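A.B. asks: I'm passing along structure.csv; it holds CSV, C-alpha atoms.
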```csv
chain,number,residue,atom,x,y,z
V,1,MET,CA,0.0,0.0,0.0
V,2,ASP,CA,1.3,3.5,-0.9
V,3,THR,CA,2.1,5.7,2.0
V,4,ILE,CA,0.3,9.1,1.9
V,5,ALA,CA,2.4,11.9,3.3
V,6,PRO,CA,0.7,13.9,6.0
V,7,ASP,CA,-0.7,17.3,4.9
V,8,THR,CA,1.3,20.0,6.7
V,9,SER,CA,0.3,22.7,4.3
V,10,GLY,CA,-2.2,24.0,6.8
V,11,PHE,CA,0.4,24.7,9.4
V,12,VAL,CA,2.5,27.9,9.9
V,13,LEU,CA,6.1,26.6,9.8
V,14,VAL,CA,9.1,28.5,11.1
V,15,PRO,CA,12.7,27.4,11.8
V,16,GLY,CA,13.2,25.6,15.1
V,17,ASN,CA,9.6,24.6,15.6
V,18,PRO,CA,8.9,21.4,13.7
V,19,PRO,CA,5.4,19.8,14.0
V,20,PRO,CA,5.0,16.5,15.8
V,21,LYS,CA,6.0,13.6,13.6
V,22,GLY,CA,3.3,12.7,11.0
V,23,ALA,CA,1.2,15.7,12.1
V,24,GLU,CA,-1.5,17.0,9.7
V,25,THR,CA,-4.2,19.6,9.6
V,26,VAL,CA,-7.8,18.6,9.9
V,27,TRP,CA,-10.7,21.0,9.3
V,28,PHE,CA,-14.2,20.4,10.8
V,29,LYS,CA,-17.4,22.3,11.2
V,30,GLY,CA,-18.3,24.1,14.4
V,31,ALA,CA,-21.4,26.0,15.5
V,32,GLY,CA,-22.9,28.0,12.7
V,33,GLY,CA,-21.0,26.0,10.1
V,34,ARG,CA,-17.7,27.8,11.0
V,35,ASP,CA,-14.5,26.2,9.7
V,36,LEU,CA,-12.4,25.1,12.6
V,37,ARG,CA,-8.8,23.8,12.5
V,38,ALA,CA,-7.3,20.9,14.4
V,39,CYS,CA,-3.9,19.1,14.4
V,40,ILE,CA,-3.7,15.4,14.6
V,41,ALA,CA,-0.4,13.4,15.0
V,42,PRO,CA,-0.2,9.6,15.4
V,43,ALA,CA,1.5,7.7,18.1
V,44,LEU,CA,5.1,7.0,17.2
V,45,ALA,CA,4.3,3.3,17.7
V,46,PRO,CA,0.9,3.1,16.0
V,47,ASP,CA,0.5,-0.6,16.7
V,48,HIS,CA,1.0,0.0,20.5
V,49,PRO,CA,-0.4,3.5,21.2
V,50,ARG,CA,-0.5,4.6,24.8
V,51,GLY,CA,-3.7,6.6,24.1
V,52,THR,CA,-4.5,10.1,22.9
V,53,ALA,CA,-3.5,13.4,24.5
V,54,ILE,CA,-6.0,16.2,23.8
V,55,VAL,CA,-4.3,19.6,24.0
V,56,CYS,CA,-6.6,22.5,24.9
V,57,PRO,CA,-4.7,25.8,24.5
V,58,GLY,CA,-5.4,29.1,26.3
V,59,ARG,CA,-6.8,32.4,25.0
V,60,THR,CA,-4.8,33.9,22.1
V,61,GLU,CA,-3.0,30.6,21.6
V,62,PHE,CA,-2.9,28.4,18.5
V,63,ILE,CA,-1.8,25.0,17.3
V,64,GLU,CA,1.8,25.8,16.3
V,65,LYS,CA,2.6,27.2,19.8
V,66,TYR,CA,2.1,23.7,21.1
V,67,PHE,CA,4.2,21.8,18.6
V,68,GLU,CA,6.9,21.3,21.3
V,69,VAL,CA,4.3,19.9,23.8
V,70,GLY,CA,2.9,17.7,21.0
V,71,ARG,CA,6.4,16.2,20.3
V,72,GLU,CA,6.9,15.6,24.0
V,73,LEU,CA,3.5,13.8,24.3
V,74,GLN,CA,4.4,11.7,21.2
V,75,ALA,CA,7.6,10.7,22.9
V,76,MET,CA,5.6,9.5,25.8
V,77,GLY,CA,3.7,7.2,23.5
V,78,PHE,CA,0.5,9.2,22.7
V,79,ALA,CA,-1.3,10.2,19.6
V,80,VAL,CA,-1.9,14.0,19.9
V,81,VAL,CA,-4.8,16.3,19.0
V,82,ILE,CA,-4.4,20.1,19.3
V,83,LEU,CA,-7.3,22.5,18.7
V,84,ASP,CA,-7.7,26.1,17.4
V,85,TRP,CA,-10.7,27.4,19.3
V,86,PRO,CA,-13.4,29.3,17.4
V,87,GLY,CA,-12.2,32.9,17.1
V,88,GLN,CA,-8.5,31.9,17.5
V,89,GLY,CA,-5.6,30.7,15.4
V,90,LEU,CA,-6.7,29.9,11.9
V,91,SER,CA,-10.2,28.8,12.9
V,92,ALA,CA,-13.0,31.1,11.7
V,93,ARG,CA,-13.1,34.4,13.7
V,94,LEU,CA,-16.4,35.5,15.2
V,95,LEU,CA,-16.3,39.2,14.4
V,96,ASP,CA,-15.5,41.4,11.4
V,97,ASP,CA,-12.6,42.8,13.4
V,98,THR,CA,-10.6,39.6,13.6
V,99,LYS,CA,-8.2,41.0,16.3
V,100,LYS,CA,-10.9,41.1,18.9
V,101,GLY,CA,-10.8,38.2,21.5
V,102,HIS,CA,-14.5,37.4,21.4
V,103,ILE,CA,-16.9,34.5,22.2
V,104,ASP,CA,-20.7,34.5,22.6
V,105,ARG,CA,-20.7,31.8,25.2
V,106,PHE,CA,-18.4,29.0,26.4
V,107,GLU,CA,-20.8,26.4,25.1
V,108,THR,CA,-19.4,27.4,21.7
V,109,PHE,CA,-15.9,26.4,22.8
V,110,MET,CA,-17.2,23.2,24.5
V,111,GLY,CA,-19.1,22.2,21.4
V,112,ALA,CA,-16.0,22.7,19.2
V,113,LEU,CA,-14.1,20.4,21.5
V,114,ALA,CA,-16.8,17.7,21.3
V,115,LYS,CA,-17.2,18.1,17.5
V,116,GLY,CA,-13.5,18.0,16.9
V,117,LEU,CA,-13.1,14.7,18.8
V,118,GLU,CA,-16.2,13.3,17.1
V,119,ALA,CA,-14.8,14.1,13.7
V,120,LEU,CA,-11.5,12.4,14.5
V,121,ASP,CA,-12.9,9.6,16.6
V,122,ASP,CA,-11.8,6.7,14.4
V,123,ARG,CA,-8.2,7.9,14.4
V,124,LEU,CA,-7.8,8.5,18.1
V,125,PRO,CA,-6.7,5.5,20.3
V,126,ARG,CA,-8.0,5.2,23.8
V,127,PRO,CA,-7.6,6.1,26.6
V,128,TYR,CA,-8.0,9.9,26.4
V,129,VAL,CA,-5.9,12.3,28.5
V,130,SER,CA,-6.6,16.0,28.3
V,131,VAL,CA,-3.8,18.6,28.7
V,132,ALA,CA,-5.4,22.0,29.2
V,133,HIS,CA,-4.0,25.5,29.8
V,134,SER,CA,-5.6,28.6,31.1
V,135,MET,CA,-8.9,29.3,29.2
V,136,GLY,CA,-8.6,25.8,27.8
V,137,GLY,CA,-8.7,24.6,31.4
V,138,ALA,CA,-12.1,26.3,31.8
V,139,ILE,CA,-13.4,24.8,28.6
V,140,ALA,CA,-12.1,21.3,29.5
V,141,LEU,CA,-13.5,21.3,33.0
V,142,ALA,CA,-16.9,22.6,31.9
V,143,ALA,CA,-17.0,20.0,29.1
V,144,LEU,CA,-16.1,17.2,31.6
V,145,ALA,CA,-18.6,18.4,34.2
V,146,ASP,CA,-21.4,18.5,31.7
V,147,GLY,CA,-20.5,15.1,30.2
V,148,ILE,CA,-20.0,16.6,26.8
V,149,VAL,CA,-16.5,15.1,26.6
V,150,LYS,CA,-15.2,12.0,28.4
V,151,VAL,CA,-11.6,11.5,29.2
V,152,ASP,CA,-9.7,9.1,31.5
V,153,ALA,CA,-7.4,11.6,33.1
V,154,ALA,CA,-7.0,15.4,33.0
V,155,ALA,CA,-4.0,17.7,33.5
V,156,PHE,CA,-4.4,21.4,33.9
V,157,SER,CA,-1.8,24.1,33.6
V,158,ALA,CA,-2.7,27.4,35.3
V,159,PRO,CA,-6.4,26.8,34.6
V,160,MET,CA,-8.7,29.8,34.2
V,161,TRP,CA,-11.1,28.8,37.0
V,162,GLY,CA,-11.3,32.3,38.4
V,163,LEU,CA,-10.3,35.8,37.2
V,164,LYS,CA,-8.3,38.4,39.0
V,165,SER,CA,-10.4,40.8,41.2
V,166,LYS,CA,-10.0,43.7,38.8
V,167,PHE,CA,-12.4,41.8,36.5
V,168,LEU,CA,-14.8,40.6,39.1
V,169,GLY,CA,-15.8,44.1,40.1
V,170,MET,CA,-16.9,44.8,36.6
V,171,ARG,CA,-19.8,42.3,36.6
V,172,TYR,CA,-22.5,45.0,36.4
V,173,LEU,CA,-20.6,46.9,33.7
V,174,VAL,CA,-20.3,43.7,31.7
V,175,TRP,CA,-24.0,43.1,31.9
V,176,ALA,CA,-24.8,46.7,30.9
V,177,MET,CA,-22.5,46.5,27.9
V,178,ARG,CA,-23.9,43.3,26.6
V,179,ALA,CA,-27.5,44.5,27.3
V,180,THR,CA,-26.9,47.6,25.2
V,181,GLY,CA,-25.5,45.8,22.2
V,182,ARG,CA,-21.8,46.4,22.9
V,183,SER,CA,-20.9,42.7,23.4
V,184,GLY,CA,-18.4,43.0,20.5
V,185,ASP,CA,-16.6,46.1,21.8
V,186,TYR,CA,-13.2,45.8,23.5
V,187,ALA,CA,-13.4,45.5,27.3
V,188,VAL,CA,-9.7,46.5,27.4
V,189,GLN,CA,-8.3,48.7,24.7
V,190,PRO,CA,-5.2,47.4,22.8
V,191,GLY,CA,-2.0,48.8,24.2
V,192,PRO,CA,1.6,49.0,23.0
V,193,PRO,CA,3.2,45.8,21.6
V,194,GLU,CA,4.4,43.4,24.3
V,195,THR,CA,8.1,43.0,24.7
V,196,PHE,CA,9.9,40.2,26.5
V,197,GLU,CA,10.7,42.6,29.3
V,198,THR,CA,7.0,43.5,29.8
V,199,ASN,CA,5.5,40.1,29.3
V,200,ILE,CA,3.8,38.4,32.3
V,201,VAL,CA,3.6,34.8,31.0
V,202,THR,CA,7.1,33.3,30.8
V,203,HIS,CA,10.7,33.7,31.9
V,204,ASP,CA,11.9,31.8,28.8
V,205,LYS,CA,13.0,34.2,26.1
V,206,LYS,CA,13.4,31.6,23.4
V,207,ARG,CA,9.9,30.3,23.7
V,208,TRP,CA,8.5,33.8,24.0
V,209,GLN,CA,10.3,34.7,20.7
V,210,MET,CA,8.9,31.6,19.0
V,211,GLN,CA,5.4,32.8,19.5
V,212,ARG,CA,6.4,36.2,18.1
V,213,ALA,CA,8.1,34.5,15.1
V,214,LEU,CA,4.9,32.5,14.3
V,215,VAL,CA,2.7,35.6,14.4
V,216,ASP,CA,5.2,37.5,12.3
V,217,ALA,CA,5.1,34.7,9.7
V,218,ARG,CA,1.3,34.6,9.7
V,219,PRO,CA,-0.3,37.7,11.1
V,220,GLU,CA,-3.7,36.1,11.0
V,221,LEU,CA,-2.7,34.2,14.1
V,222,ASP,CA,-2.6,37.3,16.2
V,223,LEU,CA,-5.4,38.1,18.7
V,224,GLY,CA,-5.9,41.3,20.7
V,225,PRO,CA,-7.7,42.0,24.0
V,226,VAL,CA,-11.0,40.6,25.0
V,227,THR,CA,-14.5,41.9,24.3
V,228,TRP,CA,-17.3,42.5,26.8
V,229,GLY,CA,-18.9,39.4,25.3
V,230,TRP,CA,-15.9,37.3,26.1
V,231,LEU,CA,-15.7,38.7,29.6
V,232,GLY,CA,-19.4,38.0,30.2
V,233,ALA,CA,-19.2,34.5,28.8
V,234,SER,CA,-16.2,33.8,31.1
V,235,LEU,CA,-17.9,35.1,34.2
V,236,ASN,CA,-20.9,32.9,33.4
V,237,ILE,CA,-18.9,29.7,33.0
V,238,LEU,CA,-16.8,30.4,36.1
V,239,ASP,CA,-20.0,30.9,38.0
V,240,THR,CA,-21.1,27.3,37.2
V,241,PHE,CA,-18.0,25.9,38.9
V,242,THR,CA,-19.1,27.4,42.2
V,243,LYS,CA,-22.3,25.5,42.3
V,244,ALA,CA,-22.3,22.7,44.9
V,245,LYS,CA,-23.0,19.8,42.5
V,246,ALA,CA,-21.4,21.2,39.4
V,247,LEU,CA,-18.3,19.0,39.6
V,248,LYS,CA,-19.8,15.8,41.1
V,249,GLY,CA,-19.3,13.9,37.9
V,250,VAL,CA,-15.6,14.7,37.6
V,251,THR,CA,-14.2,11.6,39.3
V,252,ILE,CA,-11.3,10.9,37.0
V,253,PRO,CA,-7.7,11.4,38.2
V,254,VAL,CA,-6.7,15.1,37.9
V,255,PHE,CA,-3.4,17.0,38.1
V,256,VAL,CA,-3.4,20.8,38.5
V,257,ALA,CA,-0.3,22.9,38.3
V,258,THR,CA,-0.5,26.5,39.6
V,259,ALA,CA,2.0,29.2,38.6
V,260,GLY,CA,3.7,30.7,41.6
V,261,GLU,CA,4.1,34.1,39.8
V,262,GLU,CA,0.6,34.2,38.4
V,263,LYS,CA,-0.8,37.6,37.2
V,264,LEU,CA,-3.7,36.6,35.0
V,265,VAL,CA,-5.9,34.0,36.7
V,266,ASP,CA,-7.1,33.6,40.3
V,267,ASN,CA,-4.9,31.0,42.0
V,268,ALA,CA,-7.4,30.8,45.0
V,269,SER,CA,-9.9,29.3,42.6
V,270,HIS,CA,-7.5,26.3,42.1
V,271,ASP,CA,-7.5,25.6,45.8
V,272,THR,CA,-11.3,25.7,45.9
V,273,ILE,CA,-11.9,23.5,42.9
V,274,CYS,CA,-9.2,21.0,43.7
V,275,ALA,CA,-10.6,20.5,47.1
V,276,ARG,CA,-13.9,19.4,45.5
V,277,LEU,CA,-12.3,16.9,43.1
V,278,PRO,CA,-12.0,13.4,44.7
V,279,ASP,CA,-8.8,12.3,42.9
V,280,CYS,CA,-6.7,15.4,42.4
V,281,GLU,CA,-3.1,16.3,42.9
V,282,HIS,CA,-2.4,20.1,43.1
V,283,VAL,CA,1.1,21.6,43.0
V,284,THR,CA,2.4,25.1,42.8
V,285,VAL,CA,5.3,25.6,40.4
V,286,GLU,CA,7.3,28.2,42.3
V,287,GLY,CA,8.8,30.9,40.2
V,288,ALA,CA,6.7,30.1,37.2
V,289,MET,CA,4.7,32.7,35.3
V,290,HIS,CA,1.3,31.9,33.8
V,291,GLU,CA,2.4,29.8,30.8
V,292,ILE,CA,4.0,27.0,32.7
V,293,LEU,CA,4.3,24.9,29.5
V,294,MET,CA,6.2,27.7,27.8
V,295,GLU,CA,8.4,28.4,30.8
V,296,THR,CA,12.1,27.5,31.4
V,297,ASP,CA,13.0,23.9,31.2
V,298,ASP,CA,13.2,23.4,35.0
V,299,LYS,CA,9.7,24.8,35.6
V,300,ARG,CA,8.3,22.8,32.6
V,301,ALA,CA,9.9,19.7,34.1
V,302,GLU,CA,7.8,20.1,37.3
V,303,PHE,CA,4.6,20.0,35.2
V,304,TRP,CA,5.7,16.9,33.3
V,305,GLU,CA,6.7,15.1,36.5
V,306,GLY,CA,3.2,15.7,37.8
V,307,PHE,CA,1.8,14.6,34.5
V,308,GLN,CA,3.7,11.3,34.8
V,309,ARG,CA,2.3,10.8,38.3
V,310,LEU,CA,-1.2,11.4,36.9
V,311,LEU,CA,-0.7,8.7,34.3
V,312,LYS,CA,0.4,6.3,36.9
V,313,ARG,CA,-2.6,7.0,39.1
V,314,ALA,CA,-4.9,6.6,36.0
V,315,GLY,CA,-3.1,3.3,35.0
V,316,ILE,CA,-2.3,4.7,31.6
```
Give the structure from this file in structure tokens form.
C.D. replies:
Amino acid sequence: MDTIAPDTSGFVLVPGNPPPKGAETVWFKGAGGRDLRACIAPALAPDHPRGTAIVCPGRTEFIEKYFEVGRELQAMGFAVVILDWPGQGLSARLLDDTKKGHIDRFETFMGALAKGLEALDDRLPRPYVSVAHSMGGAIALAALADGIVKVDAAAFSAPMWGLKSKFLGMRYLVWAMRATGRSGDYAVQPGPPETFETNIVTHDKKRWQMQRALVDARPELDLGPVTWGWLGASLNILDTFTKAKALKGVTIPVFVATAGEEKLVDNASHDTICARLPDCEHVTVEGAMHEILMETDDKRAEFWEGFQRLLKRAGI
């Protein structure tokens, strides 16, 4: 049988950031018929796969930023799926101004996750392990809690289970802006371009520069500040996590890594939610900024050590 080379034409490729071996682009339909992009990469030993790792990126992120993570998961024996959320990466944007970080409701994200896995179902070996960062952590937890997606273990990097207090005091303003038809307006106006010295997500200059190189190579990957719609949708989904029975169905093994130098999400929410999960290990990666998986090697190693403990607990 002839071997068909994987289609990498849908990826943004820059030096020093190769895709996982055998990776290819897959397009599927999301809510409203939107074209959404996913990456699928096979296990390196396809006859004996360990399972599938489902990578759920954070806000502003895109598939290519997680190529390194994908290669590492392949080396552990997994097939890998990485998603571009609706309104991010090269998936269809939701507003005419494509730079606005917008979503109507988190169910749109959750549905995209479910539809993507459904579209790829016959190519994804079991068991499933999710690896979710920041906003992806809110999407993954909500999808698991609602039973929309089923996995056998879940790892979370700096999950967005709560927002910093400067946002929480804006609840009434968020409601007013959405009620008056301004859902698509920026909640925070774009500022000057970020530099490595002003960034608040990583101490690792090389990984920070890689994201910049990818956006420079394909400006369509760029995403600006959030809209009132995104902020309202986020507050709504985070509210669901505070309900007494919201997480009762999440009984799988869970690993949560909190960033010690966090400046974006509310770390106190990690303590609260982890205490309600029956099989959860929670660690703080001291000295790490928000993007633990894009941090320096020593801080990333702490995450992967916890991930290995998770796999052992789950028998994967």
A.B. asks: For Pro190 (chain V), which residue out of V:Gln209, V:Thr227, V:Thr258, V:Ser157 is the nearest one, using all atoms listed in the file?
C.D. replies: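 Residue with the minimum atom-to-atom distance to Pro190 (chain V): V:Thr227.
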A.B. asks: So that I can check the surroundings of Arg300 (chain V), please list as a ChimeraX atom specification every protein, DNA and RNA residue that reaches within 10 Å of it, counting all atoms listed in the file and ignoring chain neighbours fewer than 5 positions away.
C.D. replies: /V:285,288,291-295,305
A.B. asks: Could you work out how far CA of Ala79 (chain V) lies from CA of Arg212 (chain V), giving the answer in Å with one decimal?
C.D. replies: 27.2 Å
A.B. asks: What does the distance from CA of Pro19 (chain V) to CA of Leu73 (chain V) come to in Å, to one decimal?
C.D. replies: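 Value for the CA of Pro19 (chain V)-CA of Leu73 (chain V) distance: 12.1 Å.
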A.B. asks: Report as an mmCIF file with C-alpha atoms, in the coordinates of the input all protein, DNA and RNA residues lying within 6 Å of Gly58 (chain V), evaluated on only C-alpha atoms, omitting residues in the same chain fewer than 3 positions from it.
C.D. replies:
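Written file, result20.cif:
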```
data_model
loop_
_atom_site.group_PDB
_atom_site.id
_atom_site.type_symbol
_atom_site.label_atom_id
_atom_site.label_comp_id
_atom_site.auth_asym_id
_atom_site.auth_seq_id
_atom_site.Cartn_x
_atom_site.Cartn_y
_atom_site.Cartn_z
ATOM 1 C CA GLU V 61 -3.000 30.600 21.600
ATOM 2 C CA HIS V 133 -4.000 25.500 29.800
ATOM 3 C CA SER V 134 -5.600 28.600 31.100
ATOM 4 C CA MET V 135 -8.900 29.300 29.200
ATOM 5 C CA GLY V 136 -8.600 25.800 27.800
#
```
A.B. asks: Using all atoms listed in the file, which residue out of V:Phe156, V:Phe307, V:Trp161, V:Phe109 lies closest to Pro86 (chain V)?
C.D. replies: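 That would be V:Phe109, the residue with the smallest distance to Pro86 (chain V).
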A.B. asks: Rank V:Val256, V:Ile40, V:Ala275, V:Ile103 by their smallest atom-to-atom distance to Glu302 (chain V), using all atoms listed in the file, and report the top residue only.
C.D. replies: V:Val256
A.B. asks: At what distance in Å, to one decimal, does CA of Leu95 (chain V) lie from CA of Leu231 (chain V)?
C.D. replies: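 Taking CA of Leu231 (chain V) as the start and CA of Leu95 (chain V) as the end point, the length is 15.2 Å.
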A.B. asks: Choose the residue, out of V:Phe196, V:Trp85, V:Tyr128, V:Phe303, that has the smallest atom-to-atom separation from Thr108 (chain V); count all atoms listed in the file.
C.D. replies: V:Trp85
A.B. asks: Enumerate, as a list in words, the protein, DNA and RNA residues whose atoms approach (1.0, 0.6, 16.3) to within 12 Å, taking into account only C-alpha atoms and the coordinate frame of the file.
C.D. replies: Pro42, Ala43, Leu44, Ala45, Pro46, Asp47, His48, Pro49, Arg50, Gly51, Gly77, Phe78, Ala79, Arg123, Leu124 and Pro125 of chain V
A.B. asks: Which is closer to Asp222 (chain V) than all the others in V:Lys164, V:Arg71, V:Lys99, V:Lys263, using only C-alpha atoms?
C.D. replies: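 Closest residue, counting only C-alpha atoms: V:Lys99.
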A.B. asks: If I wrap all listed atoms of region 125-131 of chain V in a box with edges along x, y and z and add 8 Å on each side, what are its centre and edge lengths in Å to one decimal, as JSON?
C.D. replies:
```
{"center_x": -5.9, "center_y": 11.9, "center_z": 24.5, "size_x": 20.2, "size_y": 29.4, "size_z": 24.4}
```
A.B. asks: Counting only C-alpha atoms, figure out which residue out of V:Arg126, V:Arg218, V:Arg171, V:Arg313 gets nearest to Thr52 (chain V).
C.D. replies: V:Arg126
A.B. asks: Please identify all polymer residues within 9 Å of Val14 (chain V), counting only C-alpha atoms, omitting same-chain residues fewer than 5 positions from it, and present them as a list in words.
C.D. replies: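 After dropping sequence-adjacent residues, the list is Met210, Ala213, Leu214 and Ala217 of chain V.
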A.B. asks: Excluding Ala244 (chain V) and residues on its chain fewer than 6 positions from it, collect all residues at most 12 Å away from it, counting only C-alpha atoms, and give them as a count of residues only.
C.D. replies: 4
